[in-house]
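*Asks:* Okay, so here is run-v5.cif, and as you'll see once you scroll down, it has mmCIF, C-alpha atoms and all ligand atoms.
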```
data_upload
loop_
_atom_site.label_atom_id
_atom_site.label_comp_id
_atom_site.auth_asym_id
_atom_site.auth_seq_id
_atom_site.Cartn_x
_atom_site.Cartn_y
_atom_site.Cartn_z
CA MET G 197 -67.86 49.15 -76.41
CA ARG G 198 -65.66 46.68 -74.60
CA SER G 199 -64.73 48.91 -71.68
CA TYR G 200 -66.30 51.64 -69.55
CA SER G 201 -64.92 53.96 -66.92
CA LEU G 202 -67.32 55.23 -64.28
CA ILE G 203 -67.21 57.76 -61.45
CA ALA G 204 -68.85 56.50 -58.25
CA PRO G 205 -69.47 59.25 -55.65
CA ALA G 206 -69.59 58.73 -51.88
CA LYS G 207 -72.64 59.80 -49.87
CA ILE G 208 -73.14 61.47 -46.53
CA ASN G 209 -76.26 61.37 -44.36
CA LEU G 210 -77.63 64.81 -43.58
CA TYR G 211 -80.36 63.10 -41.59
CA LEU G 212 -80.82 59.55 -40.29
CA GLU G 213 -83.76 58.65 -38.10
CA ILE G 214 -84.44 55.07 -37.03
CA ILE G 215 -88.18 54.61 -36.81
CA GLY G 216 -88.75 50.94 -36.11
CA ASP G 217 -88.23 47.30 -37.00
CA ARG G 218 -89.25 45.72 -40.27
CA PRO G 219 -90.51 42.18 -40.81
CA ASP G 220 -87.43 41.51 -43.02
CA GLY G 221 -85.08 42.16 -40.06
CA TYR G 222 -83.95 45.57 -41.30
CA HIS G 223 -84.88 48.92 -39.78
CA GLU G 224 -87.48 51.32 -41.07
CA LEU G 225 -85.63 54.58 -41.67
CA ALA G 226 -86.13 58.19 -42.70
CA MET G 227 -82.94 59.66 -44.13
CA VAL G 228 -81.69 62.54 -46.21
CA LEU G 229 -78.78 61.44 -48.39
CA GLN G 230 -76.32 63.63 -50.26
CA SER G 231 -73.75 62.73 -52.94
CA ILE G 232 -70.33 64.34 -52.63
CA SER G 233 -67.42 64.75 -55.03
CA LEU G 234 -65.17 62.28 -53.16
CA ALA G 235 -65.45 59.32 -55.53
CA ASP G 236 -64.04 55.96 -56.62
CA GLN G 237 -63.28 55.21 -60.25
CA ILE G 238 -64.54 51.90 -61.62
CA ASP G 239 -63.19 50.52 -64.89
CA ILE G 240 -64.98 47.55 -66.37
CA ARG G 241 -63.69 45.57 -69.31
CA SER G 242 -64.96 42.57 -71.28
CA ILE G 243 -62.81 39.48 -71.02
CA GLY G 244 -62.95 36.42 -73.22
CA ILE G 245 -63.87 33.94 -70.51
CA ASP G 246 -67.13 33.55 -68.57
CA ALA G 247 -65.80 34.90 -65.29
CA ILE G 248 -65.99 37.92 -63.00
CA SER G 249 -62.73 39.27 -61.63
CA VAL G 250 -62.28 42.19 -59.25
CA ARG G 251 -59.10 44.12 -58.55
CA CYS G 252 -58.60 47.06 -56.27
CA ASN G 253 -55.63 49.29 -55.46
CA HIS G 254 -56.59 49.14 -51.74
CA ALA G 255 -55.15 46.07 -49.98
CA GLU G 256 -58.09 45.66 -47.56
CA VAL G 257 -60.77 45.52 -50.25
CA PRO G 258 -61.67 41.86 -50.91
CA ASN G 259 -61.72 40.61 -54.50
CA ASP G 260 -64.17 37.74 -53.96
CA HIS G 261 -67.96 37.42 -53.65
CA THR G 262 -67.93 39.50 -50.44
CA ASN G 263 -67.09 42.57 -52.54
CA LEU G 264 -70.36 44.36 -53.40
CA ALA G 265 -69.04 45.20 -56.89
CA TYR G 266 -68.49 41.48 -57.51
CA ARG G 267 -72.00 40.76 -56.21
CA ALA G 268 -73.48 43.35 -58.59
CA ALA G 269 -71.84 41.62 -61.57
CA ALA G 270 -72.88 38.18 -60.27
CA LEU G 271 -76.48 39.35 -59.90
CA LEU G 272 -76.63 40.61 -63.49
CA THR G 273 -75.03 37.37 -64.71
CA GLN G 274 -77.70 35.41 -62.89
CA GLU G 275 -80.53 37.62 -64.20
CA TYR G 276 -79.19 37.84 -67.79
CA PRO G 277 -77.10 34.70 -68.45
CA GLU G 278 -77.43 35.21 -72.21
CA ALA G 279 -75.62 38.56 -71.94
CA MET G 280 -72.52 36.99 -70.45
CA ALA G 281 -72.68 34.24 -73.08
CA GLN G 282 -72.79 36.89 -75.80
CA PHE G 283 -70.37 39.51 -74.45
CA GLY G 284 -68.04 37.43 -72.26
CA GLY G 285 -67.11 37.93 -68.62
CA VAL G 286 -65.95 41.10 -66.96
CA GLU G 287 -62.88 42.45 -65.23
CA ILE G 288 -63.66 45.16 -62.67
CA ASN G 289 -60.91 47.52 -61.59
CA ILE G 290 -61.64 49.69 -58.54
CA LYS G 291 -59.53 52.78 -57.91
CA LYS G 292 -60.43 53.40 -54.28
CA ASN G 293 -60.50 56.95 -52.98
CA ILE G 294 -63.44 56.58 -50.58
CA PRO G 295 -62.35 55.15 -47.20
CA ILE G 296 -63.77 51.71 -46.39
CA ALA G 297 -66.14 50.81 -43.50
CA ALA G 298 -66.53 54.55 -43.10
CA GLY G 299 -70.28 55.29 -43.36
CA LEU G 300 -69.80 56.81 -46.83
CA ALA G 301 -71.33 53.96 -48.92
CA GLY G 302 -68.00 53.23 -50.61
CA GLY G 303 -68.83 49.57 -51.33
CA SER G 304 -72.42 50.38 -52.35
CA THR G 305 -71.37 53.04 -54.85
CA ASP G 306 -68.88 50.64 -56.48
CA ALA G 307 -71.72 48.11 -56.85
CA ALA G 308 -73.95 50.84 -58.30
CA ALA G 309 -71.25 51.67 -60.87
CA VAL G 310 -70.96 48.02 -61.92
CA LEU G 311 -74.74 47.81 -62.47
CA VAL G 312 -74.74 50.99 -64.57
CA GLY G 313 -71.59 49.99 -66.49
CA LEU G 314 -72.65 46.42 -67.24
CA ASP G 315 -76.09 47.60 -68.34
CA LEU G 316 -74.26 49.65 -71.00
CA MET G 317 -71.63 47.06 -71.86
CA TRP G 318 -74.09 44.19 -72.16
CA GLN G 319 -76.68 46.43 -73.91
CA LEU G 320 -79.42 45.40 -71.45
CA GLY G 321 -81.37 48.64 -71.86
CA LEU G 322 -82.51 48.73 -68.22
CA THR G 323 -84.25 51.83 -66.92
CA GLN G 324 -82.87 53.66 -63.88
CA SER G 325 -85.69 52.32 -61.72
CA GLU G 326 -85.02 48.75 -62.92
CA LEU G 327 -81.36 49.22 -62.01
CA GLU G 328 -82.40 50.54 -58.60
CA VAL G 329 -84.62 47.52 -57.91
CA LEU G 330 -81.66 45.24 -58.71
CA GLY G 331 -79.38 47.48 -56.60
CA ALA G 332 -81.65 47.12 -53.56
CA GLN G 333 -80.94 43.36 -53.61
CA ILE G 334 -77.25 44.14 -53.04
CA GLY G 335 -77.53 46.80 -50.35
CA SER G 336 -79.93 49.44 -49.02
CA ASP G 337 -77.74 52.36 -50.19
CA VAL G 338 -77.17 51.08 -53.75
CA PRO G 339 -80.34 52.62 -55.28
CA PHE G 340 -79.40 56.05 -53.94
CA CYS G 341 -75.84 55.66 -55.21
CA ILE G 342 -77.19 55.03 -58.73
CA GLN G 343 -79.47 58.08 -58.59
CA GLY G 344 -77.31 60.47 -56.54
CA GLY G 345 -77.88 64.13 -55.74
CA THR G 346 -79.99 65.00 -52.71
CA ALA G 347 -82.82 62.64 -51.75
CA LEU G 348 -85.13 61.60 -48.99
CA ALA G 349 -84.81 57.85 -48.42
CA THR G 350 -87.40 55.82 -46.53
CA GLY G 351 -88.19 52.13 -46.07
CA ARG G 352 -84.87 50.31 -45.75
CA GLY G 353 -83.30 53.34 -47.42
CA GLU G 354 -84.21 52.20 -50.92
CA GLU G 355 -87.41 54.23 -51.41
CA LEU G 356 -86.21 57.51 -52.82
CA SER G 357 -87.80 60.93 -53.28
CA PRO G 358 -85.41 63.32 -55.02
CA LEU G 359 -85.04 66.73 -53.35
CA LYS G 360 -83.76 70.02 -54.73
CA ASN G 361 -80.10 69.67 -55.66
CA LEU G 362 -77.70 71.40 -53.32
CA ASP G 363 -74.55 72.42 -55.13
CA ASN G 364 -73.47 75.36 -53.00
CA LEU G 365 -72.14 73.47 -49.99
CA TYR G 366 -68.75 71.99 -49.14
CA VAL G 367 -67.73 69.37 -46.68
CA VAL G 368 -64.62 68.46 -44.70
CA LEU G 369 -64.40 64.78 -43.77
CA ALA G 370 -62.16 63.11 -41.22
CA LYS G 371 -61.62 59.52 -40.19
CA HIS G 372 -59.13 57.58 -38.09
CA ARG G 373 -57.21 55.43 -40.59
CA HIS G 374 -57.54 52.17 -38.66
CA LEU G 375 -61.00 52.66 -37.21
CA GLY G 376 -63.89 51.06 -39.07
CA ILE G 377 -67.45 50.53 -37.82
CA SER G 378 -69.55 47.64 -39.08
CA THR G 379 -73.01 48.75 -40.17
CA ILE G 380 -74.47 45.52 -38.81
CA TRP G 381 -72.90 46.22 -35.39
CA ALA G 382 -74.25 49.77 -35.32
CA TYR G 383 -77.85 48.77 -36.09
CA GLN G 384 -77.79 45.71 -33.80
CA THR G 385 -76.43 47.76 -30.91
CA TYR G 386 -79.04 50.44 -31.54
CA ARG G 387 -81.76 47.77 -31.46
CA GLN G 388 -80.42 46.38 -28.17
CA GLN G 389 -80.40 49.81 -26.56
CA PHE G 390 -83.35 51.64 -28.08
CA SER G 391 -85.91 49.10 -29.34
CA GLN G 392 -88.35 50.29 -26.64
CA THR G 393 -88.63 53.57 -28.62
CA TYR G 394 -89.48 51.77 -31.91
CA ILE G 395 -92.79 52.48 -33.55
CA SER G 396 -94.66 49.32 -34.53
CA GLN G 397 -98.09 50.45 -35.76
CA ALA G 398 -98.08 50.84 -39.55
CA GLN G 399 -100.10 54.03 -39.30
CA ASP G 400 -97.75 55.64 -36.76
CA LEU G 401 -94.84 54.64 -38.95
CA GLU G 402 -96.28 56.44 -41.92
CA THR G 403 -97.05 59.51 -39.80
CA ARG G 404 -93.44 59.62 -38.63
CA GLN G 405 -92.11 59.31 -42.19
CA ARG G 406 -94.51 62.04 -43.37
CA ARG G 407 -93.21 64.27 -40.59
CA VAL G 408 -89.73 64.03 -42.10
CA HIS G 409 -91.12 64.67 -45.63
CA SER G 410 -92.73 67.89 -44.51
CA GLY G 411 -90.23 68.66 -41.76
CA PRO G 412 -87.66 71.40 -41.23
CA MET G 413 -84.69 69.60 -42.89
CA VAL G 414 -86.53 69.15 -46.18
CA SER G 415 -87.72 72.75 -45.98
CA ALA G 416 -84.14 73.98 -45.34
CA ILE G 417 -83.00 72.01 -48.42
CA MET G 418 -85.81 73.46 -50.55
CA HIS G 419 -84.58 76.93 -49.53
CA ALA G 420 -80.91 75.91 -50.08
CA ASP G 421 -80.32 77.32 -46.59
CA GLY G 422 -76.89 75.96 -45.63
CA ALA G 423 -76.96 77.44 -42.13
CA ALA G 424 -80.32 75.79 -41.35
CA ILE G 425 -79.21 72.48 -42.88
CA GLY G 426 -76.11 72.59 -40.66
CA GLN G 427 -78.23 73.15 -37.55
CA LEU G 428 -80.67 70.35 -38.45
CA LEU G 429 -78.12 67.58 -39.09
CA HIS G 430 -79.19 64.46 -37.22
CA ASN G 431 -78.01 60.86 -36.95
CA ASP G 432 -79.54 58.38 -34.47
CA LEU G 433 -76.56 56.04 -34.90
CA GLU G 434 -74.35 58.59 -33.12
CA LYS G 435 -76.09 57.40 -29.93
CA VAL G 436 -74.26 54.06 -30.18
CA ALA G 437 -71.08 55.05 -32.03
CA LEU G 438 -69.99 58.08 -29.98
CA PRO G 439 -70.01 56.40 -26.53
CA GLU G 440 -68.09 53.42 -28.00
CA HIS G 441 -65.54 55.53 -29.89
CA PRO G 442 -64.58 58.68 -27.96
CA GLN G 443 -62.14 59.67 -30.74
CA VAL G 444 -65.16 60.19 -33.04
CA LEU G 445 -66.73 62.52 -30.47
CA GLU G 446 -63.40 64.36 -30.16
CA LEU G 447 -63.41 65.00 -33.91
CA ARG G 448 -66.98 66.22 -33.86
CA GLU G 449 -66.17 68.65 -31.03
CA ALA G 450 -63.07 69.89 -32.85
CA PHE G 451 -65.13 70.66 -35.97
CA GLU G 452 -67.77 72.36 -33.84
CA SER G 453 -65.14 74.59 -32.24
CA GLN G 454 -64.25 75.91 -35.73
CA GLY G 455 -67.68 77.49 -36.20
CA VAL G 456 -68.74 75.28 -39.11
CA LEU G 457 -72.35 75.29 -40.39
CA GLY G 458 -72.84 71.90 -38.75
CA THR G 459 -71.06 68.63 -38.02
CA MET G 460 -72.22 65.01 -37.75
CA MET G 461 -71.10 61.41 -38.09
CA SER G 462 -72.09 59.96 -41.48
CA GLY G 463 -74.22 56.79 -41.62
CA SER G 464 -72.92 54.11 -39.26
CA GLY G 465 -69.62 55.99 -39.00
CA PRO G 466 -66.93 56.51 -38.07
CA THR G 467 -66.37 59.32 -40.62
CA VAL G 468 -67.29 62.74 -39.24
CA PHE G 469 -68.13 65.54 -41.66
CA ALA G 470 -68.51 69.29 -41.26
CA LEU G 471 -70.41 71.59 -43.62
CA THR G 472 -68.99 74.86 -44.89
CA ALA G 473 -70.20 77.48 -47.35
CA SER G 474 -67.00 77.63 -49.43
CA GLU G 475 -64.04 75.52 -50.45
CA ALA G 476 -61.64 78.01 -48.85
CA GLU G 477 -63.48 77.65 -45.54
CA ALA G 478 -63.40 73.84 -45.85
CA LEU G 479 -59.63 73.95 -46.33
CA ARG G 480 -59.21 76.34 -43.39
CA VAL G 481 -61.24 74.05 -41.10
CA LEU G 482 -59.28 71.01 -42.27
CA GLU G 483 -55.94 72.62 -41.38
CA ALA G 484 -57.24 73.97 -38.06
CA VAL G 485 -58.62 70.60 -36.89
CA LYS G 486 -55.49 68.77 -38.09
CA THR G 487 -53.38 71.09 -35.93
CA GLN G 488 -55.82 70.93 -33.01
CA ILE G 489 -55.90 67.11 -32.77
CA ASP G 490 -52.41 66.40 -34.18
CA ASN G 491 -52.87 62.64 -34.65
CA PRO G 492 -51.06 61.00 -37.60
CA GLU G 493 -53.83 58.37 -37.64
CA LEU G 494 -56.31 60.99 -38.83
CA GLU G 495 -57.10 61.27 -42.52
CA PHE G 496 -58.88 64.31 -44.00
CA TRP G 497 -60.65 65.11 -47.24
CA THR G 498 -62.56 68.07 -48.61
CA ALA G 499 -65.38 67.63 -51.11
CA LYS G 500 -68.26 69.46 -52.69
CA PHE G 501 -71.94 68.49 -52.77
CA VAL G 502 -72.76 67.07 -56.21
CA SER G 503 -76.04 66.51 -57.99
CA THR G 504 -75.18 63.28 -59.82
CA GLY G 505 -74.91 59.62 -58.93
CA ILE G 506 -72.99 57.18 -61.13
CA ARG G 507 -71.70 58.78 -64.32
CA LEU G 508 -69.30 57.95 -67.10
CA ALA G 509 -65.79 59.34 -66.61
CA GLN G 510 -64.81 61.81 -69.30
CA SER G 511 -62.37 60.16 -71.66
O1 LIG G 601 -78.48 46.94 -46.74
P1 LIG G 601 -77.10 46.69 -46.22
O2 LIG G 601 -76.60 45.31 -46.57
O3 LIG G 601 -76.13 47.74 -46.61
O4 LIG G 601 -77.19 46.74 -44.65
C1 LIG G 601 -76.17 46.28 -43.82
C2 LIG G 601 -76.75 45.97 -42.46
O5 LIG G 601 -77.21 47.16 -41.83
C3 LIG G 601 -77.96 45.05 -42.48
O6 LIG G 601 -77.56 43.69 -42.47
C4 LIG G 601 -78.68 45.43 -41.21
O7 LIG G 601 -78.06 44.82 -40.10
C5 LIG G 601 -78.40 46.92 -41.09
N1 LIG G 601 -79.50 47.73 -41.65
C6 LIG G 601 -80.69 47.83 -40.97
N2 LIG G 601 -81.70 48.57 -41.51
C7 LIG G 601 -81.55 49.23 -42.66
C8 LIG G 601 -80.33 49.18 -43.36
C9 LIG G 601 -79.32 48.41 -42.82
O8 LIG G 601 -80.87 47.23 -39.90
N3 LIG G 601 -82.56 49.95 -43.13
#
```
Output the file's structure in the form of structure tokens.

*Replies:*
Amino acid sequence: MRSYSLIAPAKINLYLEIIGDRPDGYHELAMVLQSISLADQIDIRSIGIDAISVRCNHAEVPNDHTNLAYRAAALLTQEYPEAMAQFGGVEINIKKNIPIAAGLAGGSTDAAAVLVGLDLMWQLGLTQSELEVLGAQIGSDVPFCIQGGTALATGRGEELSPLKNLDNLYVVLAKHRHLGISTIWAYQTYRQQFSQTYISQAQDLETRQRRVHSGPMVSAIMHADGAAIGQLLHNDLEKVALPEHPQVLELREAFESQGVLGTMMSGSGPTVFALTASEAEALRVLEAVKTQIDNPELEFWTAKFVSTGIRLAQS
């Protein structure tokens, strides 16, 4: 086929613990990641010339090599030059629904979709784990975005252990339209402020990661216990983002005042999400917080937990 249309879901972090430094300059993490129904649509199409072109309906999304979707296509071209010679170049069209610089892996999931789509279009026959290894070269969240669902992520975030799928929970998300937080800034600031708490011994590191594997959040997920999951939400990066951006804290407090199952900033922020047990409750909370804060800068979404990563759009 000469064209593919893919659905690329956003993710939220139900848990993000920073454990220590890594020799490669990244942080050693223990996270629980969850795919949600808020998603971009990626259309890829063969073009006659040996080139990669990216277009997006969102003005702030770059269309050059800084776009992770572009980098995914460039990586496959580099790894499989004969495929581009045989099938031609590719035009990538991104229909952006996921807010950018938001802590929702919007760029990473677009890159994941390009890897999955080009694997099909160029008939590379890569396995999911081969795609994930390539994805990790583009960004730490890309492997999870390919796989999707609910997963424990360790290492840089690329070592995944799938957990029981949660499909009975809903989420309300809110973000200030013109507020973005750079992931690099969040981790660097965390290192400046908290590196004295970092674990450096390999053995201690493993013990800490095991503690998350067998800990209460994973157990709450295994029991599909939404109330417990809500209580156990955790994100170390809130320690740097909330003091810097009081409007993020304000949102979190507004969600909390609505009696949601739990609320937390996602990833490096600034999106704040709140968990609810039904779609009706998610919509109620959305309207209540919108009225409570009354700021035209605020954007809201509702979404459902989903058990899939990148998938083909139904034609
Ligand atoms: O992997 P990715 O390119 O998405 O990461 C963006 C930045 O976030 C990295 O350059 C690094 O500063 C920080 N990061 C980190 N440790 C991780 C993941 C990301 O320090 N495990």

*Asks:* For the interface of chain G with ligand LIG 601 (chain G) (cut-off 6 Å, counting only C-alpha atoms and all ligand atoms), please tabulate each contacting residue of chain G alongside its nearest pair of atoms and their separation in Å to one decimal, rows sorted by chain and increasing number, as a Markdown table.

*Replies:*
```
| residue | atom | partner | partner_atom | distance |
| --- | --- | --- | --- | --- |
| G:Tyr222 | CA | G:LIG601 | N2 | 3.8 |
| G:His223 | CA | G:LIG601 | N2 | 3.6 |
| G:Glu224 | CA | G:LIG601 | N3 | 5.5 |
| G:Leu225 | CA | G:LIG601 | N3 | 5.7 |
| G:Gly335 | CA | G:LIG601 | O1 | 3.7 |
| G:Ser336 | CA | G:LIG601 | O1 | 3.7 |
| G:Arg352 | CA | G:LIG601 | N3 | 3.5 |
| G:Gly353 | CA | G:LIG601 | N3 | 5.5 |
| G:Thr379 | CA | G:LIG601 | O5 | 4.8 |
| G:Ile380 | CA | G:LIG601 | O7 | 3.9 |
| G:Tyr383 | CA | G:LIG601 | O8 | 5.1 |
```

*Asks:* Between CA of Pro439 in chain G and CA of His374 in chain G, what is the distance, to one decimal in Å?

*Replies:* 17.9 Å

*Asks:* I need every residue sitting at most 6 Å from the point (-69.3, 68.7, -37.5) (coordinates as in the file, all atoms listed in the file considered), written as JSON, numbers by chain.

*Replies:* {"G": [448, 451, 452, 458, 459, 460, 469, 470]}

*Asks:* Would you mind listing, for every residue of range 322-366 of chain G within 10 Å of range 200-205 of chain G, the two atoms forming the shortest contact and the distance between them in Å to one decimal, using all atoms listed in the file, sorted by chain and ascending residue number, as CSV?

*Replies:*
```
residue,atom,partner,partner_atom,distance
G:Cys341,CA,G:Pro205,CA,7.3
G:Ile342,CA,G:Ala204,CA,8.5
G:Gly344,CA,G:Pro205,CA,8.0
G:Gly345,CA,G:Pro205,CA,9.7
```

*Asks:* Between CA of Ala349 in chain G and CA of Leu330 in chain G, measure the distance and give it in Å to one decimal.

*Replies:* 16.6 Å

*Asks:* Tell me which residues come within 7 Å of (-90.6, 50.2, -35.4), as a list in words, counting all atoms listed in the file in the file's coordinates.

*Replies:*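 Final list of nearby residues, as requested, is Ile215, Gly216, Asp217, Arg218, Glu224, Tyr394, Ile395 and Ser396 of chain G.
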
*Asks:* Using all atoms listed in the file, find the one residue out of G:Ala279, G:Ala226, G:Ile377, G:Ile290 that sits nearest to Cys252 in chain G.

*Replies:* G:Ile290

*Asks:* At what distance in Å, to one decimal, does CA of Leu234 in chain G lie from CA of Asn293 in chain G?

*Replies:* 7.1 Å

*Asks:* Which residues of range 248-363 of chain G sit at most 12 Å from range 483-499 of chain G, using all atoms listed in the file? Give each one's shortest atom pair and distance in Å (one decimal place), in chain and ascending residue order, as CSV.

*Replies:*
```
residue,atom,partner,partner_atom,distance
G:Asn293,CA,G:Trp497,CA,10.0
G:Ile294,CA,G:Trp497,CA,9.6
G:Pro295,CA,G:Glu495,CA,9.3
G:Ala298,CA,G:Glu495,CA,11.6
G:Asp363,CA,G:Ala499,CA,11.1
```

*Asks:* Could you save the residues just selected, with C-alpha atoms, as a PDB file, in the coordinates of the input?

*Replies:*
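Saved file part-v6.pdb follows:
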```pdb
ATOM      1  CA  ASN G 293     -60.500  56.950 -52.980  1.00  0.00           C
ATOM      2  CA  ILE G 294     -63.440  56.580 -50.580  1.00  0.00           C
ATOM      3  CA  PRO G 295     -62.350  55.150 -47.200  1.00  0.00           C
ATOM      4  CA  ALA G 298     -66.530  54.550 -43.100  1.00  0.00           C
ATOM      5  CA  ASP G 363     -74.550  72.420 -55.130  1.00  0.00           C
TER       6      ASP G 363
END
```

*Asks:* Just checking: using only C-alpha atoms, which residue out of G:Ser462, G:Asn289, G:Thr403, G:Thr393 ends up closest to Lys371 in chain G?

*Replies:*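 Looking at the shortest contact to Lys371 in chain G, the residue is G:Ser462.
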
*Asks:* Which one of G:Ala269, G:Met227, G:Met280, G:Val367 sits closest to Ala309 in chain G if you count only C-alpha atoms?

*Replies:*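 Counting only C-alpha atoms, the residue closest to Ala309 in chain G is G:Ala269.
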
*Asks:* Can you list, as a PyMOL selection string, every protein, DNA or RNA residue that comes within 7 Å of Ala301 in chain G when you count only C-alpha atoms, leaving out same-chain residues fewer than 6 positions away?

*Replies:* chain G and resi 206-207+337

*Asks:* Find the spatial neighbours of Glu287 in chain G, counting all atoms listed in the file, within a cut-off of 9 Å - ignore same-chain residues fewer than 4 positions away - and output them as a ChimeraX atom specification.

*Replies:* /G:239-243,247-251

*Asks:* Counting only C-alpha atoms, what is within 8 Å of Val329 in chain G, bar same-chain residues fewer than 4 positions away, as a PyMOL selection string?

*Replies:* chain G and resi 325+333+339

*Asks:* Which one of G:Ala265, G:Ala478, G:Val257, G:Ala235 sits closest to Tyr366 in chain G if you count all atoms listed in the file?

*Replies:* G:Ala478

*Asks:* Using only C-alpha atoms, pick whichever of G:Gln454, G:Gln388, G:Ser474, G:Gln427 has the shortest atom-to-atom distance to Asn364 in chain G.

*Replies:* G:Ser474

*Asks:* Fewer than 6 positions away in the same chain doesn't count, so skip those; otherwise give me all residues within 10 Å of Lys435 in chain G, counting all atoms listed in the file, as a ChimeraX atom specification.

*Replies:* /G:382,385-386,389-390
